[in-house]
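Structure first, commentary second.
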Amino acid sequence: MAVFRALESTKPANERLFFDPFAGAFASRFYRTILAACSVPFVRKTFEAYIQLRWPGTYTAAVARTRLIDDMITKAVREDGINQIFILNATLDTRAHRLDIGMPVSFVEVNHPDTQNFKQKQIWGMLGNAEMPAVHVDYVKLDMSRQQLADTISPILLQKSRYKTLFLWEALTTSMEAAQAESLFEFIKSYPPGTQVIITYADKDVFENPRAYPGFSRIYKALRHAGENWDYGMNAGDVTAFMRERNMQLLYDGGADKYREQYFGEKSKCMKGYEYFRVMRSELK
C-alpha cells in the first residue's frame, strides 16, 4: 500500500488522486529506485502494467479506496463535526500528516509496537520543514494477540464530551481482527450518537468461490507470503443488518468497482480485479 501511494504521488498534480510525500520512505531500496524513475510517464505506466499483471486490480482499487476514505474523513470533519480520528491497526497510514482538512482534528494512531517504532523513525526525519509541518499525533501501542483496545487507550483520549470521534479500520481481514472489531463495537456503545466508523473488508464470497474472482488466488498467495493471512470476510448483502444489530446506521457500502467508477469515471470500465474488497461507513444511532 505504501508503494502504491508513493506511485500515485509521482503523477502530475492534475492526474493523481492524492499526494503522499511520506509513503516512499517506507519502501525498500529496490522500490525506491523504481519510484524515483516513475516520474517518467513511460516508466510509471510500465510499472503499473506490471502490478496489474501480477496482482490484478490492486493498484487502481487501492488508490481509489484511499481517496474515498480521505474524502469521507474530510467531509466528516467539515460537515459532521468530527474532531477526533482514531486510526486502528494504522500500519503505515500517513493521513494525520498529509490530509489538509483545514480544521482542528486530533489524530490517534493505534498500532503494533514494532510497526509503530519503524514508522515513527522513518517519518519524523521528514517533518518540521515548511513543506511538511509537524502534526501532533497521539500514539497507542496495541498487540492484538495479547491486548484489548479499551485497555490500552489513555482516558485523556476518551473525553466524549470534548471529542466527536470517527474510527477508521482498514483491512479487517483476519479472525483475530474480527474479534477485536467486536470489542470495538462494544467499546463505542457508550459513545454519543453521530460517532462514525469506516471499515474496509473482503466480501466473504471470495473465500467461498475464489475462482469467480480472477487473480484472487495469486493475490492470496502473495499476501500469505508477506505474512497477511486473510481468513475473514463479511457477506456484503448482510452488512446493513450487521450494523443495525450494533446500533449503527449504514451510510455507505461498496466494492472496488463502485469506488473506482467514482474516481476514474469511464476509465474504470477497463479496470478489473479486486472487486471483492469493500468499504463501509456507518454512524452510531
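In the C-alpha cells, each chain is lettered A, B, ... as it comes, each chain's residues begin at 1, and ligands are numbered from 1 in order of appearance.
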
### Task
as a ChimeraX atom specification, please: all residues of segment 24-243 of chain A that backbone DSSP puts in strand (DSSP E or B).
/A:84-88,106-111,137-141,165-172,196-203,234

#### Entry: Surrounding residues of segment 49-63 of chain A excluding itself and chain neighbours under 6 positions, 6 Å, only C-alpha atoms, as an MDAnalysis selection string
chainID A and resid 215 219 256 272:274

### Message
Can you pull out every residue from segment 161-265 of chain A that DSSP, working from the backbone, puts in alpha helix (DSSP H), and format the result as number ranges by chain?
### Response
A: 175-187, 205-208, 216-225, 239-245, 256-264

### Message
Excluding segment 227-230 of chain A and its own-chain neighbours fewer than 2 positions away, which residues fall within 10 Å of it when counting only C-alpha atoms? Please give them as a ChimeraX atom specification.
### Response
/A:171-175,202,207,220-225,232-233

Taking N, CA and C atoms for each residue, export the selection above as a CSV table (one decimal), in the first residue's frame.
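Writing the result to again_37.csv gives the following:
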chain,number,residue,atom,x,y,z
A,171,ALA,N,-8.6,-2.9,6.3
A,171,ALA,CA,-8.2,-4.3,6.1
A,171,ALA,C,-8.5,-5.1,7.4
A,172,LEU,N,-9.8,-5.2,7.6
A,172,LEU,CA,-10.3,-6.1,8.6
A,172,LEU,C,-10.5,-7.4,8.0
A,173,THR,N,-9.4,-8.2,8.0
A,173,THR,CA,-9.4,-9.4,7.1
A,173,THR,C,-9.0,-10.7,7.9
A,174,THR,N,-8.8,-10.7,9.2
A,174,THR,CA,-8.4,-11.9,9.9
A,174,THR,C,-9.4,-12.1,11.1
A,175,SER,N,-9.4,-13.4,11.5
A,175,SER,CA,-10.3,-13.7,12.6
A,175,SER,C,-9.9,-13.0,13.9
A,202,ALA,N,-13.1,-7.7,3.2
A,202,ALA,CA,-13.3,-8.6,2.0
A,202,ALA,C,-14.6,-9.2,2.0
A,207,PHE,N,-13.8,-16.0,-0.5
A,207,PHE,CA,-13.2,-17.2,0.1
A,207,PHE,C,-13.9,-18.5,-0.2
A,220,TYR,N,-3.8,-13.8,-3.1
A,220,TYR,CA,-3.9,-14.5,-1.8
A,220,TYR,C,-2.6,-15.1,-1.4
A,221,LYS,N,-1.9,-15.8,-2.4
A,221,LYS,CA,-0.6,-16.4,-2.2
A,221,LYS,C,0.4,-15.3,-1.8
A,222,ALA,N,0.3,-14.2,-2.5
A,222,ALA,CA,1.3,-13.1,-2.3
A,222,ALA,C,1.1,-12.5,-0.9
A,223,LEU,N,-0.2,-12.4,-0.4
A,223,LEU,CA,-0.5,-11.9,0.9
A,223,LEU,C,0.1,-12.8,2.0
A,224,ARG,N,-0.1,-14.2,1.8
A,224,ARG,CA,0.4,-15.1,2.7
A,224,ARG,C,1.9,-15.1,2.8
A,225,HIS,N,2.5,-14.9,1.7
A,225,HIS,CA,4.0,-14.8,1.6
A,225,HIS,C,4.5,-13.6,2.4
A,232,TYR,N,-10.9,-14.0,7.0
A,232,TYR,CA,-12.2,-13.5,7.5
A,232,TYR,C,-12.8,-12.5,6.4
A,233,GLY,N,-14.1,-12.7,6.2
A,233,GLY,CA,-14.8,-11.8,5.4
A,233,GLY,C,-16.2,-11.7,5.8

### Message
Show me, as a PyMOL selection string, the residues that have an atom within 8 Å of Glu283 of chain A when counting only C-alpha atoms, minus same-chain residues fewer than 2 positions from it.
### Response
chain A and resi 193-197+248-251+281+285

Expected file contents, prior selection, C-alpha atoms, as an mmCIF file, in the first residue's frame:
data_model
loop_
_atom_site.group_PDB
_atom_site.id
_atom_site.type_symbol
_atom_site.label_atom_id
_atom_site.label_comp_id
_atom_site.auth_asym_id
_atom_site.auth_seq_id
_atom_site.Cartn_x
_atom_site.Cartn_y
_atom_site.Cartn_z
ATOM 1 C CA PRO A 193 -24.866 9.361 18.585
ATOM 2 C CA GLY A 194 -23.045 10.551 15.490
ATOM 3 C CA THR A 195 -19.861 8.627 16.259
ATOM 4 C CA GLN A 196 -18.666 7.168 12.946
ATOM 5 C CA VAL A 197 -16.851 4.021 11.830
ATOM 6 C CA MET A 248 -25.355 1.695 13.732
ATOM 7 C CA GLN A 249 -26.802 3.080 10.509
ATOM 8 C CA LEU A 250 -25.005 2.142 7.302
ATOM 9 C CA LEU A 251 -24.113 5.262 5.287
ATOM 10 C CA ARG A 281 -19.073 3.728 6.606
ATOM 11 C CA LYS A 285 -27.635 5.994 16.231
#

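Within the 10 Å cut-off around Arg95 of chain A, using only C-alpha atoms and omitting residues fewer than 6 positions from it on the same chain, the listed residues are Asp20, Phe22, Thr66, Ile69, Asp70, Ile73, Ile85, Ile87 and Phe107 of chain A.
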